[in-house]
file coords_9.csv (CSV, C-alpha atoms)
chain,number,residue,atom,x,y,z
A,118,MET,CA,-17.2,-50.9,-25.1
A,119,ASP,CA,-18.4,-52.9,-22.1
A,120,LEU,CA,-19.3,-50.1,-19.7
A,121,ALA,CA,-19.9,-52.4,-16.7
A,122,LEU,CA,-16.4,-53.8,-17.0
A,123,GLY,CA,-15.0,-50.3,-17.5
A,124,TRP,CA,-16.7,-49.0,-14.4
A,125,PHE,CA,-15.3,-51.9,-12.3
A,126,TRP,CA,-11.8,-50.7,-13.1
A,127,ILE,CA,-12.9,-47.0,-12.7
A,128,VAL,CA,-14.1,-47.8,-9.1
A,129,ALA,CA,-10.7,-49.6,-8.6
A,130,ALA,CA,-9.0,-46.4,-9.8
A,131,PHE,CA,-10.9,-44.3,-7.3
A,132,PHE,CA,-9.9,-46.6,-4.4
A,133,VAL,CA,-6.3,-46.5,-5.7
A,134,GLY,CA,-6.5,-42.7,-5.5
A,135,TYR,CA,-8.0,-42.8,-2.0
A,136,PHE,CA,-5.5,-45.3,-0.5
A,137,VAL,CA,-2.5,-43.5,-2.1
A,138,LEU,CA,-3.6,-40.0,-0.9
A,139,ASP,CA,-5.4,-40.7,2.4
A,140,GLY,CA,-3.0,-43.5,3.0
A,141,PHE,CA,0.0,-41.2,3.7
A,142,ASP,CA,-2.4,-39.1,5.8
A,143,PHE,CA,-3.1,-42.1,7.9
A,144,GLY,CA,0.7,-42.8,8.1
A,145,VAL,CA,1.5,-39.3,9.2
A,146,GLY,CA,-1.2,-39.5,11.9
A,147,MET,CA,0.2,-42.8,13.2
A,148,SER,CA,3.7,-41.5,13.2
A,149,LEU,CA,3.0,-38.8,15.8
A,150,PRO,CA,4.2,-40.9,18.8
A,151,PHE,CA,7.4,-41.8,17.0
A,152,LEU,CA,8.3,-38.4,15.5
A,153,GLY,CA,6.7,-35.8,17.7
A,154,ARG,CA,8.9,-35.7,20.8
A,155,ASP,CA,7.8,-32.1,21.6
A,156,ASP,CA,5.0,-29.8,20.6
A,157,VAL,CA,7.1,-28.1,17.9
A,158,SER,CA,7.9,-31.5,16.3
A,159,ARG,CA,4.2,-32.6,16.5
A,160,ARG,CA,3.1,-29.4,14.9
A,161,GLN,CA,5.7,-29.9,12.2
A,162,VAL,CA,4.4,-33.4,11.5
A,163,ILE,CA,0.8,-32.4,11.5
A,164,ASN,CA,1.4,-29.4,9.2
A,165,THR,CA,2.8,-31.6,6.5
A,166,ILE,CA,-0.8,-32.7,5.8
A,167,GLY,CA,-2.7,-29.7,7.3
A,168,PRO,CA,-3.6,-28.1,3.9
A,169,ILE,CA,-4.4,-31.3,2.1
A,170,TRP,CA,-5.8,-34.0,4.4
A,171,ASP,CA,-9.5,-33.1,3.8
A,172,LEU,CA,-9.0,-32.9,0.1
A,173,ASN,CA,-7.5,-36.4,0.1
A,174,GLU,CA,-10.4,-37.7,2.1
A,175,THR,CA,-12.9,-36.6,-0.5
A,176,TRP,CA,-11.7,-39.5,-2.7
A,177,VAL,CA,-13.5,-42.0,-0.6
A,178,ILE,CA,-16.8,-40.0,-1.0
A,179,VAL,CA,-16.3,-40.1,-4.8
A,180,ALA,CA,-15.5,-43.8,-4.7
A,181,GLY,CA,-18.6,-44.5,-2.6
A,182,ALA,CA,-20.8,-42.4,-4.9
A,183,CYS,CA,-19.5,-44.2,-8.0
A,184,LEU,CA,-20.0,-47.6,-6.4
A,185,PHE,CA,-23.6,-46.7,-5.5
A,186,ALA,CA,-24.4,-45.4,-9.0
A,187,SER,CA,-22.5,-48.0,-11.1
A,188,PHE,CA,-23.0,-51.2,-8.9
A,189,PRO,CA,-26.1,-50.6,-6.6
A,190,GLU,CA,-26.4,-54.3,-5.7
A,191,TRP,CA,-22.7,-54.4,-4.6
A,192,TYR,CA,-23.2,-51.2,-2.7
A,193,ALA,CA,-26.3,-52.5,-0.9
A,194,SER,CA,-24.8,-55.9,0.1
A,195,LEU,CA,-21.5,-54.3,1.1
A,196,PHE,CA,-22.9,-51.5,3.2
A,197,SER,CA,-25.5,-53.7,4.9
A,198,GLY,CA,-23.1,-56.6,5.7
A,199,PHE,CA,-20.1,-54.3,6.6
A,200,TYR,CA,-22.2,-51.7,8.4
A,201,LEU,CA,-20.5,-51.8,11.8
A,202,PRO,CA,-16.8,-51.7,10.4
A,203,LEU,CA,-17.7,-48.9,8.0
A,204,LEU,CA,-19.5,-47.0,10.8
A,205,VAL,CA,-16.4,-47.3,12.9
A,206,ILE,CA,-14.2,-46.1,10.0
A,207,LEU,CA,-16.6,-43.1,9.6
A,208,LEU,CA,-16.4,-42.3,13.3
A,209,ALA,CA,-12.6,-42.6,13.3
A,210,LEU,CA,-12.4,-40.2,10.3
A,211,ILE,CA,-14.6,-37.7,12.1
A,212,LEU,CA,-12.5,-38.0,15.3
A,213,ARG,CA,-9.3,-37.4,13.3
A,214,GLY,CA,-10.8,-34.3,11.5
A,215,VAL,CA,-12.1,-32.8,14.7
A,216,SER,CA,-8.7,-33.3,16.4
A,217,PHE,CA,-6.8,-31.5,13.6
A,218,GLU,CA,-9.1,-28.5,14.1
A,219,TYR,CA,-9.3,-28.5,17.9
A,220,ARG,CA,-5.8,-29.4,19.2
A,221,HIS,CA,-4.5,-25.8,18.9
A,222,GLN,CA,-7.5,-24.2,20.5
A,223,ARG,CA,-5.9,-24.3,24.0
A,224,GLU,CA,-2.4,-24.0,25.2
A,225,ASP,CA,-2.9,-26.7,27.9
A,226,PRO,CA,-0.4,-29.5,27.0
A,227,ARG,CA,-2.9,-32.1,28.3
A,228,TRP,CA,-5.5,-30.8,25.9
A,229,LYS,CA,-3.1,-31.2,23.0
A,230,ARG,CA,-2.0,-34.6,24.1
A,231,ARG,CA,-5.6,-35.9,24.1
A,232,PHE,CA,-6.2,-34.7,20.6
A,233,ASP,CA,-2.9,-36.0,19.4
A,234,THR,CA,-3.9,-39.4,20.8
A,235,MET,CA,-7.2,-39.1,18.9
A,236,ILE,CA,-5.3,-38.3,15.7
A,237,VAL,CA,-3.3,-41.5,16.1
A,238,ILE,CA,-6.4,-43.6,16.8
A,239,GLY,CA,-8.4,-41.9,14.0
A,240,SER,CA,-5.6,-42.8,11.6
A,241,ALA,CA,-4.8,-46.3,12.7
A,242,VAL,CA,-8.4,-47.6,12.9
A,243,PRO,CA,-9.3,-46.8,9.3
A,244,ALA,CA,-5.9,-48.0,8.1
A,245,LEU,CA,-6.6,-51.4,9.7
A,246,LEU,CA,-10.3,-51.7,9.0
A,247,TRP,CA,-10.1,-50.8,5.3
A,248,GLY,CA,-7.7,-53.7,4.8
A,249,VAL,CA,-10.0,-56.0,6.8
A,250,ALA,CA,-13.0,-54.9,4.6
A,251,PHE,CA,-11.1,-55.4,1.3
A,252,GLY,CA,-9.7,-58.7,2.5
A,253,ASN,CA,-13.2,-60.0,3.1
A,254,ILE,CA,-14.5,-58.6,-0.2
A,255,VAL,CA,-11.8,-60.6,-2.0
A,256,GLN,CA,-12.1,-63.8,0.1
A,257,GLY,CA,-15.9,-63.7,0.0
A,258,VAL,CA,-18.7,-63.6,2.6
A,259,ALA,CA,-21.8,-65.5,3.4
A,260,LEU,CA,-24.3,-64.3,0.8
A,261,ASP,CA,-27.6,-66.0,0.4
A,262,ALA,CA,-29.6,-66.3,-2.9
A,263,LYS,CA,-30.9,-62.7,-2.4
A,264,HIS,CA,-27.4,-61.4,-2.0
A,265,VAL,CA,-28.0,-60.6,1.7
A,266,PHE,CA,-25.1,-61.0,4.1
A,267,ARG,CA,-25.9,-63.8,6.6
A,268,GLY,CA,-22.8,-63.6,8.7
A,269,SER,CA,-21.8,-61.5,11.7
A,270,VAL,CA,-19.2,-58.9,12.3
A,271,PHE,CA,-17.0,-61.5,14.0
A,272,ASP,CA,-17.0,-63.5,10.7
A,273,LEU,CA,-15.2,-60.6,9.1
A,274,LEU,CA,-12.4,-60.9,11.7
A,275,ASN,CA,-10.9,-64.0,10.0
A,276,PRO,CA,-7.2,-64.6,9.5
A,277,TYR,CA,-7.0,-63.4,5.8
A,278,GLY,CA,-9.0,-60.3,6.5
A,279,LEU,CA,-6.9,-59.4,9.6
A,280,LEU,CA,-3.7,-60.1,7.6
A,281,VAL,CA,-4.7,-57.7,4.9
A,282,GLY,CA,-5.7,-55.2,7.6
A,283,VAL,CA,-2.3,-55.4,9.2
A,284,THR,CA,-0.7,-55.1,5.8
A,285,THR,CA,-2.6,-51.9,4.9
A,286,LEU,CA,-1.9,-50.4,8.4
A,287,LEU,CA,1.9,-51.0,8.0
A,288,LEU,CA,2.0,-49.9,4.4
A,289,PHE,CA,0.2,-46.7,5.2
A,290,PHE,CA,2.5,-46.1,8.1
A,291,LEU,CA,5.6,-46.6,6.0
A,292,HIS,CA,4.1,-44.4,3.2
A,293,GLY,CA,3.4,-41.7,5.8
A,294,LEU,CA,7.0,-41.8,7.1
A,295,TYR,CA,8.3,-41.3,3.5
A,296,PHE,CA,6.0,-38.3,3.1
A,297,VAL,CA,7.1,-36.8,6.4
A,298,ALA,CA,10.8,-37.3,5.4
A,299,LEU,CA,10.0,-35.6,2.1
A,300,LYS,CA,8.2,-32.6,3.6
A,301,THR,CA,10.2,-31.8,6.7
A,302,ASP,CA,13.8,-30.9,7.8
A,303,GLY,CA,15.8,-31.2,11.0
A,304,VAL,CA,15.2,-33.7,13.7
A,305,VAL,CA,11.8,-34.8,12.4
A,306,HIS,CA,13.2,-35.4,8.9
A,307,GLU,CA,16.0,-37.7,10.2
A,308,ARG,CA,13.8,-39.5,12.7
A,309,ALA,CA,11.2,-40.3,9.9
A,310,ARG,CA,14.0,-41.9,7.9
A,311,ARG,CA,15.2,-43.9,10.9
A,312,VAL,CA,11.7,-45.1,11.9
A,313,ALA,CA,11.1,-46.1,8.2
A,314,ARG,CA,14.1,-48.4,8.3
A,315,PHE,CA,12.7,-50.2,11.4
A,316,ALA,CA,9.1,-50.3,10.0
A,317,PHE,CA,10.3,-51.9,6.7
A,318,ALA,CA,10.9,-55.5,7.9
A,319,PRO,CA,7.4,-56.1,9.4
A,320,THR,CA,5.8,-54.4,6.5
A,321,LEU,CA,7.6,-56.6,4.0
A,322,VAL,CA,6.7,-59.8,6.0
A,323,ALA,CA,3.0,-58.8,6.2
A,324,ALA,CA,2.9,-57.8,2.5
A,325,ALA,CA,4.6,-61.0,1.3
A,326,GLY,CA,2.1,-63.1,3.3
A,327,THR,CA,-0.8,-61.1,1.8
A,328,VAL,CA,0.5,-61.6,-1.8
A,329,VAL,CA,1.0,-65.3,-1.4
A,330,TRP,CA,-2.4,-65.9,0.3
A,331,THR,CA,-4.2,-63.7,-2.3
A,332,ILE,CA,-2.6,-65.7,-5.2
A,333,ALA,CA,-3.8,-68.9,-3.5
A,334,ILE,CA,-7.4,-67.5,-3.3
A,335,ALA,CA,-7.2,-66.3,-6.9
A,336,ALA,CA,-6.0,-69.7,-8.2
A,337,GLY,CA,-9.2,-71.4,-7.0
A,338,ARG,CA,-11.5,-69.1,-9.0
A,339,PRO,CA,-11.7,-67.6,-12.5
A,340,SER,CA,-9.8,-64.5,-11.4
A,341,LEU,CA,-7.2,-62.6,-13.4
A,342,LEU,CA,-4.4,-64.7,-11.9
A,343,TRP,CA,-1.8,-63.2,-14.1
A,344,GLY,CA,-2.8,-59.8,-12.8
A,345,VAL,CA,-2.7,-60.9,-9.2
A,346,ILE,CA,0.8,-62.4,-9.7
A,347,GLY,CA,2.0,-59.4,-11.7
A,348,PHE,CA,0.7,-56.7,-9.5
A,349,GLY,CA,1.9,-58.6,-6.4
A,350,ALA,CA,5.4,-58.9,-7.8
A,351,VAL,CA,5.5,-55.2,-8.7
A,352,ALA,CA,4.3,-54.2,-5.2
A,353,ALA,CA,7.0,-56.4,-3.6
A,354,VAL,CA,9.8,-55.1,-5.8
A,355,PHE,CA,8.9,-51.4,-5.3
A,356,LEU,CA,8.5,-51.9,-1.6
A,357,ILE,CA,12.2,-53.0,-1.5
A,358,VAL,CA,13.1,-50.2,-3.9
A,359,SER,CA,11.4,-47.6,-1.7
A,360,LEU,CA,13.7,-48.5,1.2
A,361,VAL,CA,16.8,-48.3,-1.0
A,362,PHE,CA,15.8,-44.8,-2.1
A,363,SER,CA,15.2,-43.8,1.5
A,364,LEU,CA,18.6,-45.2,2.6
A,365,ARG,CA,20.2,-43.1,-0.1
A,366,GLY,CA,18.4,-39.9,1.0
A,367,LEU,CA,16.2,-39.8,-2.1
A,368,ASP,CA,13.0,-39.0,-0.3
A,369,GLY,CA,11.0,-38.0,-3.3
A,370,TRP,CA,11.8,-41.2,-5.1
A,371,ALA,CA,11.1,-43.3,-1.9
A,372,PHE,CA,7.7,-41.7,-1.7
A,373,ALA,CA,7.0,-42.3,-5.4
A,374,ALA,CA,8.0,-45.9,-5.0
A,375,GLY,CA,5.5,-46.1,-2.1
A,376,VAL,CA,2.8,-44.8,-4.4
A,377,VAL,CA,3.5,-47.6,-6.8
A,378,VAL,CA,3.4,-50.2,-4.0
A,379,ILE,CA,-0.1,-49.1,-2.9
A,380,LEU,CA,-1.3,-48.8,-6.5
A,381,SER,CA,-0.1,-52.3,-7.3
A,382,ALA,CA,-1.5,-53.7,-4.1
A,383,VAL,CA,-5.0,-52.4,-4.7
A,384,LEU,CA,-5.0,-53.5,-8.3
A,385,MET,CA,-3.8,-57.0,-7.1
A,386,LEU,CA,-6.9,-57.2,-4.9
A,387,PHE,CA,-9.3,-56.1,-7.6
A,388,SER,CA,-7.6,-58.6,-10.0
A,389,ALA,CA,-8.2,-61.4,-7.5
A,390,LEU,CA,-11.8,-60.3,-7.2
A,391,PHE,CA,-12.6,-60.2,-10.9
A,392,PRO,CA,-15.1,-61.0,-12.4
A,393,ASN,CA,-16.9,-61.0,-9.1
A,394,VAL,CA,-17.6,-57.9,-7.0
A,395,LEU,CA,-18.6,-59.8,-3.8
A,396,PRO,CA,-18.1,-63.6,-3.9
A,397,SER,CA,-20.4,-65.9,-1.8
A,398,THR,CA,-18.8,-68.5,0.4
A,399,VAL,CA,-22.2,-70.2,0.8
A,400,ASP,CA,-22.7,-71.0,-2.9
A,401,PRO,CA,-20.8,-69.5,-5.9
A,402,ALA,CA,-24.1,-69.1,-7.6
A,403,ASN,CA,-25.0,-66.5,-5.0
A,404,SER,CA,-22.0,-64.3,-5.8
A,405,LEU,CA,-22.4,-60.8,-7.0
A,406,THR,CA,-20.6,-60.3,-10.3
A,407,ILE,CA,-19.9,-57.4,-12.6
A,408,ARG,CA,-22.9,-58.5,-14.7
A,409,ASN,CA,-25.6,-59.0,-12.1
A,410,ALA,CA,-24.6,-56.1,-9.8
A,411,SER,CA,-24.2,-53.3,-12.3
A,412,SER,CA,-26.6,-50.5,-13.2
A,413,THR,CA,-28.4,-50.2,-16.6
A,414,PRO,CA,-26.2,-49.4,-19.7
A,415,TYR,CA,-28.0,-46.0,-19.9
A,416,THR,CA,-27.0,-45.1,-16.3
A,417,LEU,CA,-23.4,-46.1,-16.9
A,418,GLN,CA,-23.4,-44.1,-20.1
A,419,ILE,CA,-24.5,-41.0,-18.3
A,420,MET,CA,-22.0,-41.6,-15.5
A,421,SER,CA,-19.2,-42.0,-18.1
A,422,TRP,CA,-19.9,-38.6,-19.7
A,423,THR,CA,-20.1,-37.0,-16.3
A,424,ALA,CA,-16.8,-38.5,-15.3
A,425,LEU,CA,-15.2,-37.4,-18.5
A,426,VAL,CA,-16.1,-33.8,-17.8
A,427,ALA,CA,-15.7,-33.7,-14.0
A,428,MET,CA,-12.5,-35.7,-13.4
A,429,PRO,CA,-10.0,-33.5,-15.3
A,430,LEU,CA,-11.3,-30.6,-13.2
A,431,VAL,CA,-10.9,-32.5,-10.0
A,432,LEU,CA,-7.4,-33.7,-10.9
A,433,ALA,CA,-6.3,-30.2,-12.0
A,434,TYR,CA,-7.5,-28.7,-8.7
A,435,GLN,CA,-5.8,-31.4,-6.7
A,436,ALA,CA,-2.5,-30.9,-8.7
A,437,TRP,CA,-2.7,-27.2,-8.2
A,438,THR,CA,-3.2,-27.6,-4.4
A,439,TYR,CA,-0.2,-29.9,-4.1
A,440,TRP,CA,1.9,-27.4,-6.2
A,441,VAL,CA,0.9,-24.5,-3.9
A,442,PHE,CA,1.9,-26.4,-0.8
A,443,ARG,CA,4.9,-28.2,-2.3
A,444,LYS,CA,7.6,-26.7,0.0
A,445,ARG,CA,9.0,-28.4,3.1
A,446,VAL,CA,7.6,-27.6,6.5
A,447,ARG,CA,10.7,-26.3,8.3
A,448,ARG,CA,11.2,-26.4,12.0
A,449,SER,CA,12.3,-22.8,12.1
A,450,SER,CA,9.0,-21.7,10.5
A,451,ILE,CA,7.1,-23.6,13.2
A,452,GLU,CA,9.1,-22.1,16.0
A,453,ALA,CA,8.6,-18.6,14.6
A,454,ALA,CA,4.8,-19.1,14.1
A,455,PRO,CA,2.3,-18.4,16.8
A,456,VAL,CA,1.9,-21.2,19.3
A,457,HIS,CA,-1.7,-21.9,18.2
A,458,ALA,CA,-0.8,-22.4,14.6

call {"tool": "encode", "arguments": {"input": "coords_9.csv", "output": "structure tokens"}}
result
Amino acid sequence: MDLALGWFWIVAAFFVGYFVLDGFDFGVGMSLPFLGRDDVSRRQVINTIGPIWDLNETWVIVAGACLFASFPEWYASLFSGFYLPLLVILLALILRGVSFEYRHQREDPRWKRRFDTMIVIGSAVPALLWGVAFGNIVQGVALDAKHVFRGSVFDLLNPYGLLVGVTTLLLFFLHGLYFVALKTDGVVHERARRVARFAFAPTLVAAAGTVVWTIAIAAGRPSLLWGVIGFGAVAAVFLIVSLVFSLRGLDGWAFAAGVVVILSAVLMLFSALFPNVLPSTVDPANSLTIRNASSTPYTLQIMSWTALVAMPLVLAYQAWTYWVFRKRVRRSSIEAAPVHA
């Protein structure tokens, strides 16, 4: 078995897990101004992810660790060239986490509003910048012969990167609305469905543009073009299906369809990237590929055995956590709970 090739798709799977799970966390955070008209509503929205947001966030740590161990050259070039955007993402995640913990420490409405604003910012910024980062990874950056990024942060703010960023932001927002509709009742539940209907059209337009542009990029290089077209088509179909389910009141199915959309979108980007891991726009010979960026076969073998043992335990724990907190967050329970909850 080709371990380097296998770990390319394992890294893709970890990012799928992260974007699916933390994606709806971002969406829930961004939905606060639209769904939380009073403090009880805002608490109801926040409590949908209260027990699980930090667990979902650990997936990016695992993805980064696997990237470092399996493709150290990719990790080094990526984190040096994308240092500022990744730092901003980290700061935004810290800001969001702190806000979840501190918003209820005082009864002052202004105190809570400030932290609610930081939750929105701490959700929207990563949702946008992760898309910008992956857009640039797929499109390619200015790598020299030593695989060092020679561009600036402004080079990353190109049309394709920004389009992918807007697409991920809107997809996560819609994904979060489906989750809130699934997990709440009353006014927040109905409002989440209504806002999802309005959010669908711009999301579909941005997603369609990303799919078409990504296919055009993949057509000009030895990518898995069939994978790009196939996964792009699946993402588009299930995006429409998710709205149909939502309109029919099938919140669980709408959320499940949203999961398929994000899964397909991430796999589409990785298919467009294959067999590169970071293309060079200066000279194709400078590109980082699965072959020249991977660790030694022995390292990949050790990692494979470790993943084989550890991943079932991680997945089992995550499944158990979701099962424990599977019930809806009802408005009546929020109203009956202490104000600081």

call {"tool": "closest_residue", "arguments": {"input": "coords_9.csv", "among": "A:Trp124, A:Phe143, A:Phe217, A:Phe355", "to": "Arg160 in chain A", "atoms": "all atoms listed in the file"}}
result
A:Phe217

call {"tool": "residues_around", "arguments": {"input": "coords_9.csv", "residues": "Arg310 in chain A", "least_positions_apart": "3", "cutoff": "7 Å", "atoms": "all atoms listed in the file", "output": "PyMOL selection string"}}
result
chain A and resi 298+306-307+313-314+363

call {"tool": "residues_around", "arguments": {"input": "coords_9.csv", "residues": "range 265-275 of chain A", "least_positions_apart": "6", "cutoff": "6 Å", "atoms": "all atoms listed in the file", "output": "PyMOL selection string"}}
result
chain A and resi 194+198+259

call {"tool": "residues_near_point", "arguments": {"input": "coords_9.csv", "point": "(4.6, -37.3, 15.4)", "cutoff": "10 Å", "atoms": "all atoms listed in the file", "output": "list of chain:residue names"}}
result
A:Gly144, A:Val145, A:Gly146, A:Met147, A:Ser148, A:Leu149, A:Pro150, A:Phe151, A:Leu152, A:Gly153, A:Arg154, A:Asp155, A:Asp156, A:Val157, A:Ser158, A:Arg159, A:Arg160, A:Gln161, A:Val162, A:Ile163, A:Asp233, A:Ile236, A:Val237, A:Leu294, A:Val297, A:Val305, A:Arg308, A:Ala309

call {"tool": "closest_residue", "arguments": {"input": "coords_9.csv", "among": "A:Gly167, A:Pro339, A:Gly181, A:Gly248", "to": "Leu288 in chain A", "atoms": "only C-alpha atoms"}}
result
A:Gly248

call {"tool": "residues_around", "arguments": {"input": "coords_9.csv", "residues": "Val177 in chain A", "least_positions_apart": "4", "cutoff": "8 Å", "atoms": "all atoms listed in the file", "output": "PDB file with C-alpha atoms, keeping the file's coordinate frame"}}
result
ATOM      1  CA  PHE A 131     -10.900 -44.300  -7.300  1.00  0.00           C
ATOM      2  CA  PHE A 132      -9.900 -46.600  -4.400  1.00  0.00           C
ATOM      3  CA  TYR A 135      -8.000 -42.800  -2.000  1.00  0.00           C
ATOM      4  CA  GLY A 181     -18.600 -44.500  -2.600  1.00  0.00           C
TER       5      GLY A 181
END

call {"tool": "residues_near_point", "arguments": {"input": "coords_9.csv", "point": "(-11.6, -39.7, 12.2)", "cutoff": "6 Å", "atoms": "only C-alpha atoms", "output": "PyMOL selection string"}}
result
chain A and resi 208-214+239

call {"tool": "residues_around", "arguments": {"input": "coords_9.csv", "residues": "Ala333 in chain A", "least_positions_apart": "5", "cutoff": "12 Å", "atoms": "only C-alpha atoms", "output": "list in words"}}
result
Val255, Gln256, Tyr277, Gly326, Thr327, Val328, Arg338, Ser340, Leu342, Val345, Ile346 and Ala389 of chain A

call {"tool": "closest_residue", "arguments": {"input": "coords_9.csv", "among": "A:Trp343, A:Phe251, A:Phe290, A:Phe125", "to": "Pro392 in chain A", "atoms": "all atoms listed in the file"}}
result
A:Phe125

call {"tool": "closest_residue", "arguments": {"input": "coords_9.csv", "among": "A:Val329, A:Ser187, A:Leu341, A:Leu321", "to": "Val354 in chain A", "atoms": "all atoms listed in the file"}}
result
A:Leu321

call {"tool": "atom_distance", "arguments": {"input": "coords_9.csv", "atom1": "CA of Thr398 in chain A", "atom2": "CA of Val128 in chain A"}}
result
23.3 Å

call {"tool": "closest_residue", "arguments": {"input": "coords_9.csv", "among": "A:Ile334, A:Ala410, A:Ile169, A:Leu360", "to": "Leu390 in chain A", "atoms": "only C-alpha atoms"}}
result
A:Ile334

call {"tool": "closest_residue", "arguments": {"input": "coords_9.csv", "among": "A:Gly282, A:Pro429, A:Gly303, A:Gly134", "to": "Ala241 in chain A", "atoms": "all atoms listed in the file"}}
result
A:Gly282

call {"tool": "residues_around", "arguments": {"input": "coords_9.csv", "residues": "Val378 in chain A", "least_positions_apart": "5", "cutoff": "12 Å", "atoms": "all atoms listed in the file", "output": "number ranges by chain"}}
result
A: 133, 136-137, 140, 284-285, 288-289, 291-292, 320-321, 324, 328, 348-360, 371-373, 383-385

call {"tool": "atom_distance", "arguments": {"input": "coords_9.csv", "atom1": "CA of Ile206 in chain A", "atom2": "CA of Ala244 in chain A"}}
result
8.7 Å
